[in-house]
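Printed here is query-v9.pdb (PDB, C-alpha atoms and all ligand atoms):
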ATOM      1  CA  MET W1271       7.238 -10.761 -11.747  1.00  0.00           C
ATOM      2  CA  HIS W1272       7.168  -7.122 -12.665  1.00  0.00           C
ATOM      3  CA  GLU W1273      10.113  -5.723 -10.758  1.00  0.00           C
ATOM      4  CA  ALA W1274      13.467  -6.228 -12.435  1.00  0.00           C
ATOM      5  CA  LEU W1275      15.258  -6.028  -9.100  1.00  0.00           C
ATOM      6  CA  PRO W1276      13.985  -6.326  -5.554  1.00  0.00           C
ATOM      7  CA  LEU W1277      13.833  -2.960  -3.832  1.00  0.00           C
ATOM      8  CA  THR W1278      15.693  -2.176  -0.627  1.00  0.00           C
ATOM      9  CA  PRO W1279      13.606  -0.938   2.310  1.00  0.00           C
ATOM     10  CA  SER W1280      14.814   2.621   1.640  1.00  0.00           C
ATOM     11  CA  GLU W1281      13.941   2.438  -2.064  1.00  0.00           C
ATOM     12  CA  ALA W1282      10.500   1.068  -1.251  1.00  0.00           C
ATOM     13  CA  PHE W1283       9.923   3.905   1.215  1.00  0.00           C
ATOM     14  CA  GLU W1284      10.992   6.506  -1.367  1.00  0.00           C
ATOM     15  CA  LEU W1285       8.639   4.977  -3.921  1.00  0.00           C
ATOM     16  CA  LEU W1286       5.747   5.095  -1.466  1.00  0.00           C
ATOM     17  CA  LEU W1287       6.434   8.698  -0.440  1.00  0.00           C
ATOM     18  CA  ALA W1288       6.717   9.825  -4.061  1.00  0.00           C
ATOM     19  CA  GLY W1289       3.200   8.560  -4.695  1.00  0.00           C
ATOM     20  CA  ASN W1290       1.850  10.353  -1.647  1.00  0.00           C
ATOM     21  CA  GLN W1291       3.510  13.578  -2.768  1.00  0.00           C
ATOM     22  CA  ARG W1292       1.796  13.284  -6.171  1.00  0.00           C
ATOM     23  CA  PHE W1293      -1.526  12.729  -4.412  1.00  0.00           C
ATOM     24  CA  VAL W1294      -1.020  15.725  -2.095  1.00  0.00           C
ATOM     25  CA  ALA W1295      -0.054  17.938  -5.037  1.00  0.00           C
ATOM     26  CA  GLY W1296      -3.145  16.910  -6.983  1.00  0.00           C
ATOM     27  CA  THR W1297      -1.036  15.389  -9.772  1.00  0.00           C
ATOM     28  CA  PRO W1298      -1.634  11.647  -9.456  1.00  0.00           C
ATOM     29  CA  GLU W1299      -0.389   9.376 -12.250  1.00  0.00           C
ATOM     30  CA  HIS W1300      -2.623   6.397 -11.359  1.00  0.00           C
ATOM     31  CA  PRO W1301       0.174   3.939 -12.204  1.00  0.00           C
ATOM     32  CA  ASN W1302      -0.417   0.218 -12.725  1.00  0.00           C
ATOM     33  CA  GLN W1303      -4.189   0.477 -13.020  1.00  0.00           C
ATOM     34  CA  ASP W1304      -4.627  -0.641 -16.639  1.00  0.00           C
ATOM     35  CA  ALA W1305      -5.366  -3.937 -18.393  1.00  0.00           C
ATOM     36  CA  ALA W1306      -1.693  -4.488 -19.196  1.00  0.00           C
ATOM     37  CA  ARG W1307      -0.767  -4.342 -15.546  1.00  0.00           C
ATOM     38  CA  ARG W1308      -3.673  -6.628 -14.709  1.00  0.00           C
ATOM     39  CA  ALA W1309      -2.370  -9.237 -17.154  1.00  0.00           C
ATOM     40  CA  GLU W1310       1.226  -8.758 -16.022  1.00  0.00           C
ATOM     41  CA  THR W1311       0.444  -9.382 -12.365  1.00  0.00           C
ATOM     42  CA  ALA W1312      -2.102 -12.187 -12.760  1.00  0.00           C
ATOM     43  CA  PRO W1313       0.527 -14.963 -12.605  1.00  0.00           C
ATOM     44  CA  GLY W1314       2.037 -13.688  -9.365  1.00  0.00           C
ATOM     45  CA  GLN W1315       2.352 -10.686  -7.087  1.00  0.00           C
ATOM     46  CA  ARG W1316       5.412  -8.909  -5.798  1.00  0.00           C
ATOM     47  CA  PRO W1317       4.101  -5.921  -3.815  1.00  0.00           C
ATOM     48  CA  PHE W1318       6.823  -3.506  -2.700  1.00  0.00           C
ATOM     49  CA  ALA W1319       5.115  -2.683   0.592  1.00  0.00           C
ATOM     50  CA  ALA W1320       2.709  -4.128   3.098  1.00  0.00           C
ATOM     51  CA  LEU W1321       0.401  -1.447   4.392  1.00  0.00           C
ATOM     52  CA  PHE W1322      -1.324  -1.904   7.727  1.00  0.00           C
ATOM     53  CA  GLY W1323      -3.673   1.006   8.288  1.00  0.00           C
ATOM     54  CA  CYS W1324      -6.889   2.144   9.860  1.00  0.00           C
ATOM     55  CA  SER W1325     -10.058   1.074   8.032  1.00  0.00           C
ATOM     56  CA  ASP W1326     -11.281   4.681   7.863  1.00  0.00           C
ATOM     57  CA  SER W1327     -12.968   5.185   4.483  1.00  0.00           C
ATOM     58  CA  ARG W1328     -10.867   8.292   3.824  1.00  0.00           C
ATOM     59  CA  LEU W1329      -7.589   6.347   4.030  1.00  0.00           C
ATOM     60  CA  ALA W1330      -7.866   4.310   0.817  1.00  0.00           C
ATOM     61  CA  ALA W1331      -4.362   2.950   0.428  1.00  0.00           C
ATOM     62  CA  GLU W1332      -3.856   2.830  -3.343  1.00  0.00           C
ATOM     63  CA  ILE W1333      -5.452   6.254  -3.762  1.00  0.00           C
ATOM     64  CA  VAL W1334      -3.495   8.190  -1.131  1.00  0.00           C
ATOM     65  CA  PHE W1335      -0.184   6.645  -2.248  1.00  0.00           C
ATOM     66  CA  ASP W1336      -1.054   6.821  -5.967  1.00  0.00           C
ATOM     67  CA  ARG W1337      -0.363   3.149  -6.715  1.00  0.00           C
ATOM     68  CA  GLY W1338      -2.133   0.355  -8.569  1.00  0.00           C
ATOM     69  CA  LEU W1339      -2.463  -3.395  -8.947  1.00  0.00           C
ATOM     70  CA  GLY W1340       0.240  -5.548  -7.412  1.00  0.00           C
ATOM     71  CA  ASP W1341       1.896  -2.648  -5.567  1.00  0.00           C
ATOM     72  CA  LEU W1342       0.589  -2.776  -2.009  1.00  0.00           C
ATOM     73  CA  PHE W1343      -0.369  -5.682   0.230  1.00  0.00           C
ATOM     74  CA  VAL W1344      -3.056  -4.031   2.337  1.00  0.00           C
ATOM     75  CA  VAL W1345      -4.330  -4.975   5.786  1.00  0.00           C
ATOM     76  CA  ARG W1346      -6.686  -2.582   7.509  1.00  0.00           C
ATOM     77  CA  THR W1347      -8.626  -2.694  10.768  1.00  0.00           C
ATOM     78  CA  ALA W1348     -10.422   0.010  12.753  1.00  0.00           C
ATOM     79  CA  GLY W1349      -7.753   1.917  14.663  1.00  0.00           C
ATOM     80  CA  HIS W1350      -5.085  -0.366  13.118  1.00  0.00           C
ATOM     81  CA  VAL W1351      -5.470  -2.782  16.008  1.00  0.00           C
ATOM     82  CA  ALA W1352      -3.557  -6.006  15.492  1.00  0.00           C
ATOM     83  CA  GLY W1353      -4.611  -9.539  16.395  1.00  0.00           C
ATOM     84  CA  ALA W1354      -3.479 -12.916  15.125  1.00  0.00           C
ATOM     85  CA  GLU W1355      -4.969 -12.533  11.627  1.00  0.00           C
ATOM     86  CA  VAL W1356      -3.226  -9.204  11.115  1.00  0.00           C
ATOM     87  CA  LEU W1357       0.101 -10.574  12.311  1.00  0.00           C
ATOM     88  CA  GLY W1358      -0.273 -13.608  10.065  1.00  0.00           C
ATOM     89  CA  SER W1359      -1.087 -11.440   7.066  1.00  0.00           C
ATOM     90  CA  ILE W1360       1.949  -9.219   7.632  1.00  0.00           C
ATOM     91  CA  GLU W1361       4.196 -12.243   8.163  1.00  0.00           C
ATOM     92  CA  TYR W1362       2.919 -13.646   4.853  1.00  0.00           C
ATOM     93  CA  ALA W1363       3.759 -10.351   3.132  1.00  0.00           C
ATOM     94  CA  VAL W1364       7.338 -10.203   4.406  1.00  0.00           C
ATOM     95  CA  SER W1365       8.288 -13.878   4.437  1.00  0.00           C
ATOM     96  CA  VAL W1366       6.445 -15.290   1.396  1.00  0.00           C
ATOM     97  CA  LEU W1367       6.061 -12.197  -0.788  1.00  0.00           C
ATOM     98  CA  ASP W1368       9.388 -10.652   0.336  1.00  0.00           C
ATOM     99  CA  CYS W1369       7.934  -7.182   0.966  1.00  0.00           C
ATOM    100  CA  PRO W1370      10.868  -4.905   1.868  1.00  0.00           C
ATOM    101  CA  LEU W1371       8.628  -2.446   3.722  1.00  0.00           C
ATOM    102  CA  VAL W1372       5.814  -2.584   6.265  1.00  0.00           C
ATOM    103  CA  VAL W1373       3.920   0.654   6.861  1.00  0.00           C
ATOM    104  CA  VAL W1374       1.668   1.371   9.818  1.00  0.00           C
ATOM    105  CA  LEU W1375      -0.725   4.116   8.729  1.00  0.00           C
ATOM    106  CA  GLY W1376      -2.644   6.019  11.366  1.00  0.00           C
ATOM    107  CA  HIS W1377      -4.428   9.335  10.939  1.00  0.00           C
ATOM    108  CA  ASP W1378      -5.800  12.391  12.689  1.00  0.00           C
ATOM    109  CA  SER W1379      -9.380  12.407  14.008  1.00  0.00           C
ATOM    110  CA  CYS W1380      -9.318   8.606  14.246  1.00  0.00           C
ATOM    111  CA  GLY W1381     -12.703   7.353  15.454  1.00  0.00           C
ATOM    112  CA  ALA W1382     -11.230   4.338  17.218  1.00  0.00           C
ATOM    113  CA  VAL W1383      -8.869   6.533  19.218  1.00  0.00           C
ATOM    114  CA  ALA W1384     -11.655   9.031  19.954  1.00  0.00           C
ATOM    115  CA  ALA W1385     -13.930   6.212  21.164  1.00  0.00           C
ATOM    116  CA  THR W1386     -11.171   4.925  23.412  1.00  0.00           C
ATOM    117  CA  ARG W1387     -10.513   8.359  24.872  1.00  0.00           C
ATOM    118  CA  ALA W1388     -14.237   8.772  25.515  1.00  0.00           C
ATOM    119  CA  ALA W1389     -14.425   5.361  27.172  1.00  0.00           C
ATOM    120  CA  LEU W1390     -11.524   6.226  29.477  1.00  0.00           C
ATOM    121  CA  THR W1391     -12.542   9.799  30.220  1.00  0.00           C
ATOM    122  CA  ASP W1392     -16.301   9.620  30.426  1.00  0.00           C
ATOM    123  CA  GLY W1393     -16.750   5.922  31.045  1.00  0.00           C
ATOM    124  CA  LEU W1394     -18.752   5.649  27.832  1.00  0.00           C
ATOM    125  CA  GLY W1395     -19.371   1.991  27.278  1.00  0.00           C
ATOM    126  CA  THR W1396     -18.987   0.073  24.047  1.00  0.00           C
ATOM    127  CA  THR W1397     -20.743  -3.094  23.051  1.00  0.00           C
ATOM    128  CA  GLY W1398     -20.029  -6.194  21.040  1.00  0.00           C
ATOM    129  CA  TYR W1399     -16.703  -6.518  19.288  1.00  0.00           C
ATOM    130  CA  VAL W1400     -16.219  -2.750  19.181  1.00  0.00           C
ATOM    131  CA  ARG W1401     -15.132  -3.243  22.772  1.00  0.00           C
ATOM    132  CA  ASP W1402     -12.280  -5.413  21.510  1.00  0.00           C
ATOM    133  CA  VAL W1403     -11.060  -2.576  19.283  1.00  0.00           C
ATOM    134  CA  VAL W1404     -11.287  -0.076  22.147  1.00  0.00           C
ATOM    135  CA  GLU W1405      -9.420  -2.389  24.502  1.00  0.00           C
ATOM    136  CA  ARG W1406      -6.586  -2.754  22.013  1.00  0.00           C
ATOM    137  CA  VAL W1407      -6.266   1.013  21.612  1.00  0.00           C
ATOM    138  CA  THR W1408      -6.460   1.610  25.372  1.00  0.00           C
ATOM    139  CA  THR W1409      -2.803   0.729  26.013  1.00  0.00           C
ATOM    140  CA  SER W1410      -1.677   3.457  23.616  1.00  0.00           C
ATOM    141  CA  VAL W1411      -4.008   6.095  25.031  1.00  0.00           C
ATOM    142  CA  LEU W1412      -2.942   5.304  28.607  1.00  0.00           C
ATOM    143  CA  ALA W1413       0.734   5.476  27.589  1.00  0.00           C
ATOM    144  CA  ALA W1414       0.120   8.856  25.951  1.00  0.00           C
ATOM    145  CA  ARG W1415      -1.669  10.067  29.054  1.00  0.00           C
ATOM    146  CA  ALA W1416       1.205   8.857  31.284  1.00  0.00           C
ATOM    147  CA  ALA W1417       3.629  10.779  29.061  1.00  0.00           C
ATOM    148  CA  GLY W1418       1.569  13.942  29.460  1.00  0.00           C
ATOM    149  CA  LEU W1419       0.439  13.988  25.828  1.00  0.00           C
ATOM    150  CA  THR W1420      -2.956  15.611  25.343  1.00  0.00           C
ATOM    151  CA  GLY W1421      -3.159  16.790  21.720  1.00  0.00           C
ATOM    152  CA  ASP W1422      -4.893  14.640  19.113  1.00  0.00           C
ATOM    153  CA  ASP W1423      -1.773  14.406  16.919  1.00  0.00           C
ATOM    154  CA  ASP W1424       0.435  13.460  19.878  1.00  0.00           C
ATOM    155  CA  ILE W1425      -1.933  10.709  21.002  1.00  0.00           C
ATOM    156  CA  ILE W1426      -2.267   9.379  17.450  1.00  0.00           C
ATOM    157  CA  ASP W1427       1.538   9.343  17.113  1.00  0.00           C
ATOM    158  CA  GLU W1428       1.809   7.384  20.355  1.00  0.00           C
ATOM    159  CA  HIS W1429      -0.703   4.853  19.047  1.00  0.00           C
ATOM    160  CA  ILE W1430       1.263   4.518  15.790  1.00  0.00           C
ATOM    161  CA  ARG W1431       4.529   3.978  17.706  1.00  0.00           C
ATOM    162  CA  HIS W1432       2.790   1.418  19.931  1.00  0.00           C
ATOM    163  CA  THR W1433       1.465  -0.424  16.895  1.00  0.00           C
ATOM    164  CA  VAL W1434       4.938  -0.586  15.310  1.00  0.00           C
ATOM    165  CA  ASP W1435       6.381  -1.886  18.596  1.00  0.00           C
ATOM    166  CA  LEU W1436       3.573  -4.402  18.966  1.00  0.00           C
ATOM    167  CA  LEU W1437       4.153  -5.865  15.501  1.00  0.00           C
ATOM    168  CA  LEU W1438       7.851  -6.313  16.229  1.00  0.00           C
ATOM    169  CA  ASP W1439       7.309  -7.614  19.773  1.00  0.00           C
ATOM    170  CA  ARG W1440       4.694 -10.157  18.766  1.00  0.00           C
ATOM    171  CA  SER W1441       6.084 -11.325  15.433  1.00  0.00           C
ATOM    172  CA  ARG W1442       9.445 -13.057  15.564  1.00  0.00           C
ATOM    173  CA  VAL W1443       9.282 -13.497  11.784  1.00  0.00           C
ATOM    174  CA  LEU W1444       8.988  -9.740  11.237  1.00  0.00           C
ATOM    175  CA  ALA W1445      11.626  -8.874  13.851  1.00  0.00           C
ATOM    176  CA  ASP W1446      14.092 -11.297  12.238  1.00  0.00           C
ATOM    177  CA  GLN W1447      13.451  -9.783   8.787  1.00  0.00           C
ATOM    178  CA  VAL W1448      14.162  -6.318  10.174  1.00  0.00           C
ATOM    179  CA  THR W1449      17.325  -7.484  11.956  1.00  0.00           C
ATOM    180  CA  ALA W1450      18.501  -9.088   8.715  1.00  0.00           C
ATOM    181  CA  GLY W1451      17.969  -5.790   6.877  1.00  0.00           C
ATOM    182  CA  LYS W1452      15.427  -7.331   4.508  1.00  0.00           C
ATOM    183  CA  THR W1453      12.459  -5.324   5.747  1.00  0.00           C
ATOM    184  CA  ALA W1454      11.853  -2.021   7.501  1.00  0.00           C
ATOM    185  CA  VAL W1455       8.784  -1.022   9.509  1.00  0.00           C
ATOM    186  CA  VAL W1456       7.694   2.616   9.235  1.00  0.00           C
ATOM    187  CA  GLY W1457       4.930   4.433  11.093  1.00  0.00           C
ATOM    188  CA  LEU W1458       3.186   7.267   9.231  1.00  0.00           C
ATOM    189  CA  SER W1459       0.391   9.609  10.262  1.00  0.00           C
ATOM    190  CA  TYR W1460      -2.055  10.634   7.549  1.00  0.00           C
ATOM    191  CA  ARG W1461      -3.645  14.071   7.641  1.00  0.00           C
ATOM    192  CA  LEU W1462      -7.224  13.930   6.375  1.00  0.00           C
ATOM    193  CA  ALA W1463      -7.421  17.554   5.242  1.00  0.00           C
ATOM    194  CA  ASP W1464      -4.341  17.684   2.977  1.00  0.00           C
ATOM    195  CA  GLY W1465      -3.662  14.001   2.264  1.00  0.00           C
ATOM    196  CA  SER W1466      -0.082  14.039   3.532  1.00  0.00           C
ATOM    197  CA  ALA W1467       1.577  11.073   5.248  1.00  0.00           C
ATOM    198  CA  ARG W1468       3.875  12.370   7.985  1.00  0.00           C
ATOM    199  CA  PHE W1469       6.815  10.338   9.294  1.00  0.00           C
ATOM    200  CA  VAL W1470       6.401   9.187  12.911  1.00  0.00           C
ATOM    201  CA  THR W1471       8.822   6.320  13.551  1.00  0.00           C
ATOM    202  CA  ALA W1472      10.876   3.620  11.830  1.00  0.00           C
ATOM    203  CA  ARG W1473      12.731   0.401  12.553  1.00  0.00           C
ATOM    204  CA  GLY W1474      15.360  -0.894  10.182  1.00  0.00           C
ATOM    205  CA  LEU W1475      15.492   2.182   7.990  1.00  0.00           C
ATOM    206  CA  PRO W1476      18.744   4.168   7.643  1.00  0.00           C
ATOM    207  CA  GLU W1477      18.556   7.612   9.277  1.00  0.00           C
ATOM    208  CA  GLU W1478      19.067   9.416   5.982  1.00  0.00           C
ATOM    209  CA  ALA W1479      16.204   7.491   4.388  1.00  0.00           C
ATOM    210  CA  ALA W1480      13.801   8.329   7.185  1.00  0.00           C
ATOM    211  CA  ALA W1481      14.448  12.078   7.315  1.00  0.00           C
ATOM    212  CA  PRO W1482      13.824  13.765   3.947  1.00  0.00           C
ATOM    213  CA  GLY W1483      10.620  14.451   2.122  1.00  0.00           C
ATOM    214  CA  THR W1484       8.409  13.143   4.863  1.00  0.00           C
ATOM    215  CA  GLY W1485       6.429  16.290   5.448  1.00  0.00           C
ATOM    216  CA  ALA W1486       6.184  17.973   8.798  1.00  0.00           C
TER
HETATM  217 ZN    ZN W1501      -9.026   5.605  12.219  1.00  0.00          ZN
END

Whole structure given in structure tokens:
Amino acid sequence: MHEALPLTPSEAFELLLAGNQRFVAGTPEHPNQDAARRAETAPGQRPFAALFGCSDSRLAAEIVFDRGLGDLFVVRTAGHVAGAEVLGSIEYAVSVLDCPLVVVLGHDSCGAVAATRAALTDGLGTTGYVRDVVERVTTSVLAARAAGLTGDDDIIDEHIRHTVDLLLDRSRVLADQVTAGKTAVVGLSYRLADGSARFVTARGLPEEAAAPGTGA
């Protein structure tokens, strides 16, 4: 195992944000991407965060957080919609791999959210399993609409908050880890144009850890 000491949720969050700040500034270090790291992590992984994000091709996890092999346990679906496989993967990350942090990563101009808004507003139909994605985003878009939110960022934030709540409502394993202080769940919104990950919501993270350096 590569980490001398397990990280706290706050330390893991700081580590993740530091990488994003390097990426935003155009000064990435590309850590843990060499042959030595490959050999070091082959016997076993100890990722410091589980990242559950949208599948959007512009949201590549290790790139936007400037990390490498063995750092992030990544689960991505269109619109970060969560079903049983996603929940099982996240539970594996926190209970077997002891990840101290789970990140929900949404972003602006999300196609899944746009498709859902179009389906609700214009009655545009979707076919096949895309309909399943749209149905899972619908709850968030309706909640945003009920709250009077109309801007893209506001609706995305609502969907990120809903996803965080859903993970904790559906997964007893994750909720227990958060209650025990072993894991925190953080929702971040990624901005495509500048690469920044903006803080949206958190569970199980101290106030002081959630506030600084999270962009605006
Ligand atoms: Zn998306």

_At a cut-off of 10 Å and counting all atoms listed in the file, what residues surround ligand ZN 1501 (chain W)? Please answer as a ChimeraX atom specification._
/W:1323-1329,1346-1351,1375-1384,1426,1460

Print the selection's residues with C-alpha atoms to a file, as a PDB file, keeping the file's coordinate frame.
ATOM      1  CA  GLY W1323      -3.673   1.006   8.288  1.00  0.00           C
ATOM      2  CA  CYS W1324      -6.889   2.144   9.860  1.00  0.00           C
ATOM      3  CA  SER W1325     -10.058   1.074   8.032  1.00  0.00           C
ATOM      4  CA  ASP W1326     -11.281   4.681   7.863  1.00  0.00           C
ATOM      5  CA  SER W1327     -12.968   5.185   4.483  1.00  0.00           C
ATOM      6  CA  ARG W1328     -10.867   8.292   3.824  1.00  0.00           C
ATOM      7  CA  LEU W1329      -7.589   6.347   4.030  1.00  0.00           C
ATOM      8  CA  ARG W1346      -6.686  -2.582   7.509  1.00  0.00           C
ATOM      9  CA  THR W1347      -8.626  -2.694  10.768  1.00  0.00           C
ATOM     10  CA  ALA W1348     -10.422   0.010  12.753  1.00  0.00           C
ATOM     11  CA  GLY W1349      -7.753   1.917  14.663  1.00  0.00           C
ATOM     12  CA  HIS W1350      -5.085  -0.366  13.118  1.00  0.00           C
ATOM     13  CA  VAL W1351      -5.470  -2.782  16.008  1.00  0.00           C
ATOM     14  CA  LEU W1375      -0.725   4.116   8.729  1.00  0.00           C
ATOM     15  CA  GLY W1376      -2.644   6.019  11.366  1.00  0.00           C
ATOM     16  CA  HIS W1377      -4.428   9.335  10.939  1.00  0.00           C
ATOM     17  CA  ASP W1378      -5.800  12.391  12.689  1.00  0.00           C
ATOM     18  CA  SER W1379      -9.380  12.407  14.008  1.00  0.00           C
ATOM     19  CA  CYS W1380      -9.318   8.606  14.246  1.00  0.00           C
ATOM     20  CA  GLY W1381     -12.703   7.353  15.454  1.00  0.00           C
ATOM     21  CA  ALA W1382     -11.230   4.338  17.218  1.00  0.00           C
ATOM     22  CA  VAL W1383      -8.869   6.533  19.218  1.00  0.00           C
ATOM     23  CA  ALA W1384     -11.655   9.031  19.954  1.00  0.00           C
ATOM     24  CA  ILE W1426      -2.267   9.379  17.450  1.00  0.00           C
ATOM     25  CA  TYR W1460      -2.055  10.634   7.549  1.00  0.00           C
TER      26      TYR W1460
END

_Ranking W:Ala1385, W:Leu1444, W:Ala1414, W:Leu1394 by minimum distance to Ala1320 of chain W and counting all atoms listed in the file, which one comes first?_
W:Leu1444

*Using all atoms listed in the file, find the one residue out of W:Leu1342, W:Val1373, W:Leu1367, W:Ala1319 that sits nearest to Ala1467 of chain W.*
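Counting all atoms listed in the file, the residue closest to Ala1467 of chain W is W:Val1373.
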
*Could you work out how far atom CA of Ala1282 of chain W lies from atom CA of Pro1298 of chain W, giving the answer in Å with one decimal?*
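Answer for the atom CA of Pro1298 of chain W to atom CA of Ala1282 of chain W separation: 18.1 Å.
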
Closest-contact table, segment 1330-1447 of chain W side, partner segment 1473-1480 of chain W, 10 Å, counting all atoms listed in the file, as CSV:
residue,atom,partner,partner_atom,distance
W:Leu1371,CA,W:Leu1475,CA,9.3
W:Val1372,CA,W:Arg1473,CA,9.8
W:Val1434,CA,W:Arg1473,CA,8.3
W:Asp1435,CA,W:Arg1473,CA,9.1
W:Leu1438,CA,W:Arg1473,CA,9.1
W:Ala1445,CA,W:Arg1473,CA,9.4
W:Gln1447,CA,W:Gly1474,CA,9.2
